[in-house]
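Heads up: the structure comes next, in structure tokens.
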Amino acid sequence: MKTMSRTINHTILVFIVVAVCNSAQTTESRDDFKKFYDQYKVEGSFVLYYQANDKYIFYNESQFKQSFTPASTFKICNSLIGLETGVIKDENFIIRWDSITRRIPAWNKDQNLKTAFKNSTVWYYQELARRVGGVKMKFWLDKTNYGNADTLGGIDRFWLSGGLRISPEQQINFLRKFHDNTLRFSQRSIDIVKNIMIAKDTLGYVARAKTGWGEQNDTNIGWYVGYVEKGNDVYYFANCIQTKNSENKEFAKARIEIVYLILKNLKILPE
């Protein structure tokens, strides 16, 4: 009986070890992706998380846990908070333009949540944040564990020039919870934001994403974060680029185009 018991226990142990090994998270480093950053004359990092295989693919993994200003990528969370608090009713909720002419022509008119997200209209989200107020904003940042949840710097500036910081790792984690509907927001709020986040919708895949552009320590910080749904597969990505050259005219499109170059290189998207 003792021999049989030992045999059974050994079999169970082997099964557990094999199961753990088979489910172990894997990582891959792709130094060759540097060519895409060099093409646009920027520094930066890229991370892709493939949920089905529990696999990370990195370029410049040293920045994975490094914190940066979220800039307009915070509009994902800001939209959720605005909806959840009832400050804005839905994606068609209009905030009237204050008649101040700004550098981006698309901003210089009345906006609703859908157009403000698409055009990354800063003044709309600043007014949204002011209406939410500091106490509720801080409550929701803490509740969702968004970045370092720091609102210092003013209710309408903390994600632009204030204390809010987020790492590529935290961007991915937030997006995973968002996709899986496990953030502590109502399903209605999440569904509305998922809808306005659609950047590409084809027969083969749907990409939901948001850009960001801010400044930190005299360096331009550019983001493009989101995820691609392709059949039953989900691929999460965070691209964070940096340059001290304020004359780099390709910086804005580099945030986005580097991502799609990499996704095509990985055969996730078609050429």
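So you can find residues: chains in the structure tokens are A, B, ... in the order shown, residues in each start at 1, and ligands are numbered from 1 in order.
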
Report task. Extract, using only C-alpha atoms, all DNA, RNA and protein residues at most 12 Å from Lys109 of chain A, discarding same-chain residues fewer than 2 positions from it, and format them as number ranges by chain. Result -> A: 94-102, 104-107, 111-112, 115-116, 119, 121, 123-124

Worksheet entry | segment 49-66 of chain A environment, 7 Å, only C-alpha atoms, sequence neighbours closer than 6 positions dropped, as an MDAnalysis selection string | chainID A and resid 25:31 33 167:169 233:237

Selected residues written out, N, CA, C and O atoms, as a compact mmCIF listing (two decimals), in the first residue's frame:
```
# COMPACT_ATOMS: atom_id res chain seq x y z
N GLN A 25 4.57 31.68 -18.05
CA GLN A 25 4.64 32.86 -18.90
C GLN A 25 5.98 32.88 -19.64
O GLN A 25 7.01 32.53 -19.08
N THR A 26 5.94 33.28 -20.90
CA THR A 26 7.16 33.35 -21.69
C THR A 26 7.38 34.77 -22.18
O THR A 26 6.44 35.56 -22.28
N THR A 27 8.63 35.09 -22.46
CA THR A 27 8.99 36.41 -22.98
C THR A 27 9.93 36.24 -24.16
O THR A 27 10.65 35.24 -24.28
N GLU A 28 9.91 37.24 -25.02
CA GLU A 28 10.80 37.26 -26.19
C GLU A 28 11.29 38.68 -26.38
O GLU A 28 10.51 39.63 -26.32
N SER A 29 12.58 38.83 -26.61
CA SER A 29 13.17 40.13 -26.87
C SER A 29 13.42 40.29 -28.36
O SER A 29 13.97 39.39 -28.99
N ARG A 30 13.02 41.43 -28.91
CA ARG A 30 13.20 41.67 -30.35
C ARG A 30 14.01 42.95 -30.57
O ARG A 30 13.47 44.02 -30.81
N ASP A 31 15.31 42.80 -30.47
CA ASP A 31 16.19 43.95 -30.68
C ASP A 31 16.11 44.47 -32.11
O ASP A 31 16.43 45.64 -32.37
N PHE A 33 13.62 45.28 -33.72
CA PHE A 33 12.60 46.32 -33.86
C PHE A 33 13.19 47.72 -33.77
O PHE A 33 12.51 48.71 -34.07
N SER A 167 3.47 53.34 -16.40
CA SER A 167 4.50 52.58 -17.13
C SER A 167 3.84 51.76 -18.23
O SER A 167 2.64 51.52 -18.21
N PRO A 168 4.63 51.31 -19.22
CA PRO A 168 4.08 50.40 -20.21
C PRO A 168 3.44 49.16 -19.58
O PRO A 168 2.40 48.69 -20.04
N GLU A 169 4.04 48.64 -18.54
CA GLU A 169 3.45 47.49 -17.84
C GLU A 169 2.06 47.83 -17.30
O GLU A 169 1.11 47.04 -17.46
N ASP A 233 -8.47 35.70 -30.57
CA ASP A 233 -7.21 36.14 -29.98
C ASP A 233 -7.23 37.64 -29.66
O ASP A 233 -7.86 38.42 -30.38
N VAL A 234 -6.52 38.00 -28.59
CA VAL A 234 -6.37 39.40 -28.21
C VAL A 234 -4.89 39.69 -28.02
O VAL A 234 -4.19 38.96 -27.32
N TYR A 235 -4.43 40.77 -28.65
CA TYR A 235 -3.03 41.19 -28.55
C TYR A 235 -3.01 42.62 -28.00
O TYR A 235 -3.52 43.54 -28.63
N TYR A 236 -2.42 42.80 -26.83
CA TYR A 236 -2.33 44.11 -26.20
C TYR A 236 -0.97 44.74 -26.52
O TYR A 236 0.05 44.03 -26.54
N PHE A 237 -0.94 46.05 -26.75
CA PHE A 237 0.32 46.69 -27.08
C PHE A 237 0.45 48.04 -26.39
O PHE A 237 -0.54 48.71 -26.10
```

Strand (DSSP E or B) call set, DSSP backbone run, segment 7-166 of chain A, as an mmCIF file with C-alpha atoms, in the first residue's frame:
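Heads up, here's the output in out.cif:
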```cif
data_model
loop_
_atom_site.group_PDB
_atom_site.id
_atom_site.type_symbol
_atom_site.label_atom_id
_atom_site.label_comp_id
_atom_site.auth_asym_id
_atom_site.auth_seq_id
_atom_site.Cartn_x
_atom_site.Cartn_y
_atom_site.Cartn_z
ATOM 1 C CA THR A 26 7.165 33.348 -21.691
ATOM 2 C CA THR A 27 8.987 36.410 -22.981
ATOM 3 C CA GLU A 28 10.796 37.261 -26.187
ATOM 4 C CA SER A 29 13.166 40.134 -26.872
ATOM 5 C CA GLU A 43 14.056 56.357 -28.942
ATOM 6 C CA GLY A 44 11.510 54.217 -27.150
ATOM 7 C CA SER A 45 10.121 50.843 -26.248
ATOM 8 C CA PHE A 46 7.412 48.429 -27.303
ATOM 9 C CA VAL A 47 5.601 45.655 -25.497
ATOM 10 C CA LEU A 48 3.047 43.212 -26.833
ATOM 11 C CA TYR A 49 1.124 40.795 -24.650
ATOM 12 C CA TYR A 50 -0.477 37.772 -26.328
ATOM 13 C CA LYS A 55 3.530 35.676 -23.773
ATOM 14 C CA TYR A 56 5.251 39.080 -23.775
ATOM 15 C CA ILE A 57 7.277 40.378 -26.698
ATOM 16 C CA PHE A 58 9.589 43.288 -25.893
ATOM 17 C CA TYR A 59 11.683 45.861 -27.590
ATOM 18 C CA PHE A 68 6.011 58.318 -17.980
ATOM 19 C CA ILE A 94 -21.813 67.816 -25.992
ATOM 20 C CA ILE A 95 -19.613 70.344 -24.232
ATOM 21 C CA GLN A 111 -17.411 68.479 -29.151
ATOM 22 C CA ASN A 112 -19.104 65.347 -27.915
ATOM 23 C CA ILE A 166 2.154 55.271 -15.827
#
```

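Across A:Gln170, A:Thr85, A:Thr144, A:Asn220, the tightest approach to Ala71 of chain A is made by A:Asn220 when counting only C-alpha atoms.
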
Residues of segment 207-269 of chain A in helix (DSSP H, G or I), written as an MDAnalysis selection string
chainID A and resid 251:265

* To do: Could you give me, as a PyMOL selection string, the residues within 9 Å of Lys118 of chain A, counting only C-alpha atoms and dropping anything in the same chain fewer than 3 positions from it?
  => chain A and resi 113-115+121+196-197+199+210

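When the distance limit is 9 Å and only C-alpha atoms are what count, the residues near Leu183 of chain A, minus those fewer than 4 positions from it on the same chain, are Lys143, Thr144, Phe174, Lys177, Phe178, His179 and Ile190 of chain A.
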
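Candidate residues A:Ile262, A:Leu160, A:Ile241, A:Leu128 were compared for distance to Leu83 of chain A, and the nearest is A:Leu128, using only C-alpha atoms.
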
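Atom CA of Lys194 of chain A lies 10.8 Å from atom CA of Glu91 of chain A.
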
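Nearest-residue note for Phe93 of chain A: choosing from A:Asn239, A:Ile192, A:Asn265, A:Leu152, the minimum distance belongs to A:Ile192, counting only C-alpha atoms.
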
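A straight line drawn from atom CA of Asp38 of chain A to atom CA of Gln216 of chain A is 21.1 Å long.
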
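Residue neighbourhood of Cys77 of chain A, excluding near-sequence residues (fewer than 2 positions): A:Thr73, A:Phe74, A:Lys75, A:Ser79, A:Leu80, A:Ile81, A:Gly82, A:Leu141, A:Thr144, A:Tyr146, A:Val193, at 9 Å, using only C-alpha atoms.
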
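Compared by their closest atoms to Ser161 of chain A, and using only C-alpha atoms, the residues A:Tyr40, A:Trp213, A:Phe251, A:Tyr260 rank with A:Trp213 nearest.
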
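Atom CA of Tyr125 of chain A lies 15.4 Å from atom CA of Gly153 of chain A.
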
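For Ala254 of chain A, the residues within 9 Å (counting only C-alpha atoms, excluding itself and residues fewer than 6 positions away along the chain) are Phe36, Tyr37, Gln39, Tyr40, Val42, Gly222 and Ile241 of chain A.
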
Can you list, as a ChimeraX atom specification, every protein, DNA or RNA residue that comes within 6 Å of Ile198 of chain A when you count only C-alpha atoms, leaving out same-chain residues fewer than 3 positions away? /A:195,207-208
